[in-house]
$ cat start07.cif   # mmCIF, C-alpha atoms
data_entry
#
loop_
_atom_site.label_atom_id
_atom_site.label_comp_id
_atom_site.auth_asym_id
_atom_site.auth_seq_id
_atom_site.Cartn_x
_atom_site.Cartn_y
_atom_site.Cartn_z
CA MET A 174 8.01 160.93 133.24
CA LEU A 175 6.02 164.01 132.32
CA ILE A 176 6.26 165.22 135.92
CA VAL A 177 10.05 164.87 135.77
CA VAL A 178 10.11 167.02 132.64
CA LEU A 179 7.88 169.63 134.26
CA LEU A 180 9.98 169.69 137.43
CA ALA A 181 13.12 170.24 135.36
CA LEU A 182 11.44 173.07 133.46
CA CYS A 183 10.18 174.66 136.69
CA ALA A 184 13.69 174.45 138.13
CA LEU A 185 15.06 176.31 135.11
CA LEU A 186 12.36 178.97 135.40
CA ALA A 187 13.04 179.33 139.13
CA ARG A 188 16.75 179.79 138.49
CA ARG A 189 16.02 182.41 135.84
CA THR A 190 13.66 184.22 138.22
CA VAL A 191 16.31 184.32 140.96
CA LEU A 192 18.89 185.74 138.54
CA LEU A 193 16.39 188.29 137.24
CA THR A 194 15.51 189.32 140.80
CA ARG A 195 19.16 190.10 141.48
CA ALA A 196 19.40 192.11 138.27
CA GLU A 197 16.20 194.00 139.03
CA GLN A 198 17.50 195.18 142.40
CA ASP A 199 19.88 197.57 140.65
CA ALA A 200 17.05 198.77 138.42
CA VAL A 201 14.80 199.42 141.44
CA VAL A 202 17.48 201.47 143.19
CA ARG A 203 18.09 203.42 139.99
CA ASP A 204 14.40 204.05 139.26
CA TYR A 205 13.64 205.40 142.73
CA GLY A 206 16.99 207.14 143.19
CA VAL A 207 17.47 205.93 146.77
CA GLY A 208 21.13 204.93 146.73
CA HIS A 209 21.48 201.66 148.58
CA GLY A 210 18.04 201.97 150.22
CA ASP A 211 16.46 199.25 152.31
CA PRO A 212 17.74 195.86 151.06
CA ALA A 213 14.54 194.04 152.12
CA ARG A 214 12.31 196.63 150.43
CA THR A 215 14.42 196.60 147.28
CA ARG A 216 14.41 192.81 147.17
CA ARG A 217 10.62 192.67 147.57
CA ILE A 218 10.00 195.07 144.67
CA ALA A 219 12.56 193.31 142.48
CA ARG A 220 10.98 189.92 143.22
CA ALA A 221 7.54 191.23 142.24
CA ARG A 222 8.94 192.44 138.91
CA ALA A 223 10.73 189.15 138.28
CA MET A 224 7.67 187.06 139.14
CA ALA A 225 5.55 189.13 136.75
CA THR A 226 7.77 188.07 133.85
CA LEU A 227 6.79 184.42 134.33
CA THR A 228 3.66 185.15 132.29
CA ASP A 229 5.89 185.69 129.27
CA ARG A 230 7.30 182.16 129.75
CA ALA A 231 3.87 180.53 129.40
CA PRO A 232 4.38 179.71 125.69
CA LEU A 233 7.60 177.88 126.55
CA LEU A 234 5.84 175.91 129.29
CA VAL A 235 2.96 174.95 127.00
CA ALA A 236 5.32 174.01 124.15
CA VAL A 237 7.55 171.80 126.30
CA THR A 238 4.58 170.15 128.01
CA SER A 239 2.81 169.46 124.71
CA ALA A 240 5.95 168.11 123.02
CA ALA A 241 6.84 165.91 126.00
CA THR A 242 3.28 164.57 126.21
CA LEU A 243 3.26 163.75 122.50
CA ILE A 244 6.67 162.03 122.55
CA LEU A 245 6.06 160.06 125.75
CA GLY A 246 2.55 159.07 124.68
CA ALA A 247 3.75 157.95 121.27
CA GLY A 248 6.56 155.95 122.86
CA ALA A 249 4.13 154.25 125.24
CA LEU A 250 1.77 153.34 122.41
CA VAL A 251 4.55 152.00 120.20
CA GLY A 252 5.88 149.91 123.07
CA ALA A 253 2.43 148.58 123.95
CA PHE A 254 1.60 147.62 120.35
CA SER A 255 5.00 146.05 119.70
CA THR A 256 5.08 143.96 122.89
CA GLY A 257 1.37 143.54 123.55
CA LYS A 258 2.00 144.36 127.23
CA THR A 259 1.49 147.25 129.61
CA PRO A 260 4.64 149.10 130.72
CA VAL A 261 4.76 147.26 134.05
CA ARG A 262 4.50 143.81 132.49
CA ALA A 263 6.93 144.79 129.75
CA GLY A 264 9.43 145.66 132.48
CA ASP A 265 9.28 142.21 134.08
CA GLY A 266 12.57 140.43 133.70
CA ALA A 267 14.42 143.65 132.87
CA GLN A 268 17.08 145.30 134.97
CA PRO A 269 15.91 146.01 138.54
CA PHE A 270 16.17 149.75 137.95
CA VAL A 271 14.02 149.60 134.79
CA GLN A 272 11.48 147.32 136.45
CA GLY A 273 11.25 149.56 139.53
CA ALA A 274 10.95 152.69 137.41
CA ALA A 275 8.08 151.19 135.39
CA GLN A 276 6.20 150.11 138.50
CA THR A 277 6.76 153.45 140.22
CA ALA A 278 5.67 155.47 137.19
CA GLN A 279 2.46 153.50 136.67
CA ALA A 280 1.53 153.47 140.37
CA LEU A 281 2.35 157.15 140.78
CA GLY A 282 0.25 158.05 137.76
CA SER A 283 -2.77 156.26 139.23
CA TRP A 284 -2.35 158.03 142.57
CA LEU A 285 -1.92 161.42 140.91
CA ILE A 286 -5.22 161.05 139.06
CA GLY A 287 -7.01 160.72 142.39
CA LEU A 288 -4.94 163.52 143.91
CA GLY A 289 -5.80 165.79 140.99
CA PHE A 290 -9.52 165.28 141.60
CA VAL A 291 -9.09 166.08 145.31
CA LEU A 292 -7.13 169.24 144.48
CA PHE A 293 -9.79 170.27 141.98
CA VAL A 294 -12.53 170.01 144.61
CA THR A 295 -10.36 171.70 147.26
CA TRP A 296 -9.52 174.61 144.96
CA GLY A 297 -13.20 175.06 144.17
CA ARG A 298 -14.08 175.26 147.87
CA ARG A 299 -11.20 177.62 148.49
CA ALA A 300 -12.54 180.02 145.88
CA TYR A 301 -15.52 180.73 148.14
CA LYS A 302 -13.31 181.73 151.08
CA ASP A 303 -10.06 183.11 149.65
CA PRO A 304 -10.35 186.34 147.57
CA SER A 305 -6.99 185.73 145.85
CA ALA A 306 -8.01 182.22 144.75
CA ARG A 307 -11.38 183.56 143.60
CA ARG A 308 -9.62 186.27 141.59
CA THR A 309 -7.33 183.73 139.91
CA ILE A 310 -10.20 181.45 138.98
CA GLY A 311 -12.19 184.47 137.80
CA ILE A 312 -9.40 185.50 135.43
CA LEU A 313 -9.26 182.04 133.88
CA TRP A 314 -13.05 181.94 133.67
CA ASP A 315 -13.17 185.35 131.96
CA VAL A 316 -10.70 184.28 129.29
CA GLY A 317 -12.36 180.90 128.76
CA THR A 318 -15.87 182.30 128.41
CA PHE A 319 -14.97 185.33 126.26
CA TRP A 320 -14.93 183.35 123.02
CA PRO A 321 -18.19 181.95 121.57
CA ARG A 322 -19.05 178.30 121.82
CA ALA A 323 -18.22 177.83 118.15
CA ALA A 324 -14.55 178.04 119.21
CA HIS A 325 -14.91 175.47 122.03
CA PRO A 326 -18.38 173.89 122.13
CA PHE A 327 -18.01 172.33 125.61
CA ALA A 328 -17.36 175.66 127.34
CA PRO A 329 -19.95 177.58 129.40
CA PRO A 330 -22.10 180.17 127.62
CA CYS A 331 -20.16 183.10 126.16
CA TYR A 332 -20.85 186.36 128.02
CA ALA A 333 -19.22 188.48 125.28
CA GLU A 334 -22.09 187.68 122.91
CA ARG A 335 -24.30 189.73 125.24
CA ALA A 336 -21.82 192.18 126.79
CA VAL A 337 -20.18 193.48 123.60
CA PRO A 338 -23.42 194.29 121.69
CA ASP A 339 -24.92 195.92 124.80
CA LEU A 340 -21.82 198.05 125.34
CA THR A 341 -21.68 198.98 121.66
CA TRP A 342 -25.35 199.95 121.69
CA ARG A 343 -24.94 202.16 124.76
CA ILE A 344 -21.85 203.90 123.34
CA ALA A 345 -23.47 204.56 119.97
CA GLY A 346 -26.75 205.66 121.50
CA TRP A 347 -25.12 208.09 123.92
CA THR A 348 -22.77 209.70 121.40
CA ARG A 349 -25.53 210.14 118.82
CA ALA A 350 -28.10 211.48 121.28
CA THR A 351 -25.81 213.99 122.94
CA GLY A 352 -23.20 214.67 120.28
CA GLY A 353 -20.65 214.28 123.04
CA ARG A 354 -17.33 212.56 123.52
CA LEU A 355 -16.62 209.41 125.47
CA VAL A 356 -13.63 207.78 127.13
CA ILE A 357 -14.07 204.03 127.55
CA SER A 358 -12.10 202.93 130.59
CA GLY A 359 -11.24 199.24 130.75
CA HIS A 360 -9.21 197.27 133.28
CA SER A 361 -7.85 193.78 132.59
CA GLN A 362 -10.53 191.77 130.79
CA GLY A 363 -12.62 194.92 130.62
CA SER A 364 -10.05 196.38 128.23
CA VAL A 365 -10.65 193.44 125.88
CA LEU A 366 -14.40 194.08 126.01
CA ALA A 367 -13.82 197.79 125.40
CA ALA A 368 -11.67 197.09 122.33
CA ALA A 369 -14.20 194.56 121.00
CA ALA A 370 -17.02 197.07 121.45
CA ALA A 371 -15.03 199.83 119.71
CA TRP A 372 -14.47 197.50 116.75
CA GLN A 373 -18.25 197.17 116.33
CA LEU A 374 -18.96 200.92 116.19
CA LYS A 375 -19.62 202.82 113.02
CA PRO A 376 -16.72 205.01 111.83
CA SER A 377 -18.63 208.20 112.71
CA ASP A 378 -19.17 206.99 116.28
CA ARG A 379 -15.67 205.58 116.59
CA ARG A 380 -14.10 209.00 116.04
CA ARG A 381 -15.87 210.30 119.15
CA VAL A 382 -14.47 207.54 121.35
CA ALA A 383 -11.16 207.23 123.17
CA LEU A 384 -9.79 204.14 124.91
CA LEU A 385 -8.09 204.18 128.31
CA THR A 386 -6.83 200.70 129.12
CA TYR A 387 -4.83 199.62 132.17
CA GLY A 388 -3.63 196.23 133.33
CA SER A 389 -4.61 195.11 129.84
CA PRO A 390 -3.83 191.61 128.52
CA ILE A 391 -4.74 192.59 124.93
CA GLU A 392 -1.21 192.25 123.56
CA ARG A 393 0.50 190.21 126.25
CA LEU A 394 -1.99 187.34 126.31
CA TYR A 395 -4.60 187.76 123.58
CA GLY A 396 -2.14 189.04 121.01
CA ARG A 397 0.09 185.99 121.48
CA TRP A 398 -2.53 183.29 121.77
CA PHE A 399 -5.09 184.76 119.32
CA PRO A 400 -3.03 186.75 116.78
CA ALA A 401 -5.73 186.61 114.08
CA HIS A 402 -8.03 188.73 116.25
CA PHE A 403 -5.65 190.70 118.50
CA GLY A 404 -2.41 190.68 116.53
CA PRO A 405 -0.34 193.77 115.65
CA ALA A 406 -2.26 194.43 112.43
CA ALA A 407 -5.68 194.32 114.14
CA LEU A 408 -4.58 196.53 117.05
CA ALA A 409 -2.93 199.04 114.70
CA ALA A 410 -6.14 199.27 112.66
CA LEU A 411 -8.16 199.91 115.83
CA HIS A 412 -5.71 202.58 116.94
CA GLU A 413 -6.05 204.30 113.61
CA ASP A 414 -9.85 204.20 113.58
CA ILE A 415 -10.63 205.52 117.08
CA ALA A 416 -9.89 209.07 118.17
CA CYS A 417 -7.09 208.21 120.62
CA TRP A 418 -5.88 205.42 122.87
CA ARG A 419 -3.72 205.35 125.99
CA ASN A 420 -2.52 202.31 127.91
CA LEU A 421 -1.14 202.07 131.46
CA TYR A 422 0.84 199.15 132.85
CA ARG A 423 3.28 198.20 135.60
CA LEU A 424 6.38 196.08 135.57
CA THR A 425 4.98 194.22 138.60
CA ASP A 426 1.74 193.29 136.81
CA PRO A 427 1.71 189.60 135.80
CA ILE A 428 -1.31 190.05 133.51
CA GLY A 429 -1.29 193.51 131.98
CA GLY A 430 1.41 194.83 129.72
CA PRO A 431 2.19 197.28 126.92
CA ILE A 432 0.26 197.39 123.66
CA ARG A 433 3.48 198.02 121.68
CA LEU A 434 1.99 200.35 119.08
CA SER A 435 4.26 203.17 117.95
CA GLY A 436 2.92 206.64 117.33
CA ASP A 437 4.39 207.04 113.84
CA ASP A 438 1.66 205.74 111.55
CA CYS A 439 -1.65 205.75 113.38
CA GLY A 440 -1.58 208.55 115.94
CA PRO A 441 0.11 209.30 119.26
CA GLN A 442 1.91 206.50 121.05
CA VAL A 443 -0.41 204.25 123.02
CA ASP A 444 1.80 203.13 125.91
CA ARG A 445 2.77 205.38 128.76
CA GLU A 446 6.02 204.72 130.55
CA PRO A 447 5.63 201.95 133.17
CA LEU A 448 3.93 203.24 136.29
CA ALA A 449 5.89 203.24 139.52
CA ASP A 450 4.88 200.37 141.77
CA PRO A 451 4.92 200.98 144.66
CA LEU A 452 4.11 204.66 144.28
CA ALA A 453 6.84 205.60 146.78
CA TYR A 454 9.89 203.69 147.91
CA GLY A 455 9.86 205.02 151.47
CA ARG A 456 7.54 207.04 153.67
CA ASP A 457 6.87 210.73 153.12
CA GLU A 458 4.11 213.27 153.71
CA GLU A 459 1.98 211.92 150.86
CA HIS A 460 2.63 208.30 151.86
CA PRO A 461 2.91 208.13 155.66
CA LEU A 462 2.63 204.35 155.49
CA PRO A 463 4.80 202.11 153.29
CA ALA A 464 3.16 202.00 149.87
CA PRO A 465 2.18 198.44 148.92
CA VAL A 466 3.13 196.69 145.69
CA LEU A 467 -0.18 196.77 143.81
CA GLY A 468 0.66 194.62 140.79
CA HIS A 469 -2.58 194.17 138.85
CA SER A 470 -4.85 196.15 141.19
CA ASP A 471 -5.92 199.73 141.91
CA TYR A 472 -4.74 201.44 138.75
CA GLN A 473 -7.31 204.20 139.28
CA ALA A 474 -5.61 205.17 142.55
CA ASP A 475 -2.47 206.16 140.64
CA PRO A 476 -2.31 209.92 139.80
CA ALA A 477 -1.33 208.95 136.24
CA PHE A 478 -4.86 207.62 135.67
CA ALA A 479 -6.50 211.03 136.13
CA GLN A 480 -3.77 212.70 134.08
CA GLU A 481 -4.21 210.39 131.09
CA ARG A 482 -7.99 210.58 131.27
CA GLY A 483 -7.80 214.38 131.14
CA LYS A 484 -5.42 214.26 128.18
CA LEU A 485 -7.74 211.92 126.29
CA LEU A 486 -10.71 214.21 126.85
CA GLY A 487 -8.58 217.10 125.60
CA ARG A 488 -7.71 215.25 122.39
CA LEU A 489 -11.32 214.41 121.63
CA ARG A 490 -13.60 216.86 119.89
CA PRO A 491 -14.13 219.90 122.13
CA GLU A 492 -17.91 219.78 122.04
CA VAL A 493 -19.62 218.97 125.31
CA PRO A 494 -22.86 216.97 125.55
CA GLN A 495 -25.96 219.03 124.86
CA GLN A 496 -28.40 219.53 127.69
CA ARG A 497 -31.34 217.19 127.41
CA ALA A 498 -34.81 218.58 127.08
#
$ encode --input "start07.cif" --output "structure tokens"
Amino acid sequence: MLIVVLLALCALLARRTVLLTRAEQDAVVRDYGVGHGDPARTRRIARARAMATLTDRAPLLVAVTSAATLILGAGALVGAFSTGKTPVRAGDGAQPFVQGAAQTAQALGSWLIGLGFVLFVTWGRRAYKDPSARRTIGILWDVGTFWPRAAHPFAPPCYAERAVPDLTWRIAGWTRATGGRLVISGHSQGSVLAAAAAWQLKPSDRRRVALLTYGSPIERLYGRWFPAHFGPAALAALHEDIACWRNLYRLTDPIGGPIRLSGDDCGPQVDREPLADPLAYGRDEEHPLPAPVLGHSDYQADPAFAQERGKLLGRLRPEVPQQRA
């Protein structure tokens, strides 16, 4: 029964994605200014944008799955306690459709448990051979092992308990020894580590530091699932404390997104306009080959990365590091 609910939800999400892909085709043509353009190329870019929005539907998926599991599980327990029978035996003597549905559901559930174990082993083996599968598992592993074991005691050791203090120590030591300025560049989970390290700095050191984040899940994932630590108030306080902050993202990125901090109260605006992805719609002298849709990868290859890094260095204190003896 839970699988039926999930299939219905996936069908709704698929329909919404198809409709959004059609709507995004007009936006792609308008953004690149290519008139009608190549329909296949336009459709591919629009589909990448639409698929990236599925990340924002994760709370709906989790909520429906949790509610359905709770309701179905409670119904099964109430039925078992009231009749003293398993669902299959309780269906004996009922209508043929009810009896067949009970037998099918219980048998299918048993088979799916075994299938799930096989898929788990297969996916683990695939991670050694397929870079995309390894990247997906790595993202989930990074998120799961970022928080200390006090939050989930059965998880693997937390790497942030070592990485964040080390990064903080290196930042503080370098800025104090040289009197210089520093731009911390963080991609994806690295942006979360960079923000966590900046939070641990002393105010005097924090004013010498700028953040350049790209493909960052700080607001899109961490801000939604862990609002006490990465909510709007916490991010606004960090923006106000550090010297400056700039964030890059793409509409085709399923993980990274905007920080959504305005520049009114705590400094210049954090988010830059969404980067073009692909960099060029067609082929030209700078892009003799069709530019690929990068999504979550290769932000540093975009010219906007060097531009924003230069602007951040310009906003920081003008002193340069002193020459070491």
$ residues_around --input "start07.cif" --residues "segment 417-433 of chain A" --least-positions-apart "4" --cutoff "8 Å" --atoms "all atoms listed in the file" --output "count of residues only"
44
$ residues_around --input "start07.cif" --residues "segment 451-455 of chain A" --least-positions-apart "5" --cutoff "10 Å" --atoms "all atoms listed in the file" --output "list of chain:residue names"
A:Val201, A:Val202, A:Asp204, A:Tyr205, A:Gly206, A:Val207, A:Gly210, A:Asp211, A:Arg214, A:Thr215, A:Ile218, A:Arg423, A:Thr425, A:His460, A:Pro461, A:Leu462, A:Pro463, A:Ala464, A:Pro465, A:Val466, A:Leu467, A:Gly468, A:Ala474, A:Asp475, A:Pro476
$ closest_residue --input "start07.cif" --among "A:Trp320, A:Leu175, A:Ala263, A:Arg189" --to "Leu285 of chain A" --atoms "all atoms listed in the file"
A:Leu175
$ atom_distance --input "start07.cif" --atom1 "atom CA of Gln272 of chain A" --atom2 "atom CA of Pro260 of chain A"
9.1 Å
$ atom_distance --input "start07.cif" --atom1 "atom CA of Cys183 of chain A" --atom2 "atom CA of Val251 of chain A"
28.6 Å
$ residues_around --input "start07.cif" --residues "segment 324-334 of chain A" --least-positions-apart "3" --cutoff "10 Å" --atoms "all atoms listed in the file" --output "list in words"
Trp314, Asp315, Gly317, Thr318, Phe319, Trp320, Pro321, Val337, Pro338, Asp339, Leu340, Val365, Leu366, Ala369 and Ala370 of chain A
$ atom_distance --input "start07.cif" --atom1 "atom CA of Ala409 of chain A" --atom2 "atom CA of Ser435 of chain A"
8.9 Å
$ resolve_selection --input "start07.cif" --expression "the PyMOL selection byres ((chain A and resi 345) around 12)" --output "PyMOL selection string"
chain A and resi 338-344+346-355+370-382
$ closest_residue --input "start07.cif" --among "A:Val178, A:Leu292, A:Val261, A:Ala200" --to "Thr277 of chain A" --atoms "only C-alpha atoms"
A:Val261
$ closest_residue --input "start07.cif" --among "A:Arg216, A:Gly252, A:Asp199, A:Met174" --to "Ala274 of chain A" --atoms "all atoms listed in the file"
A:Met174
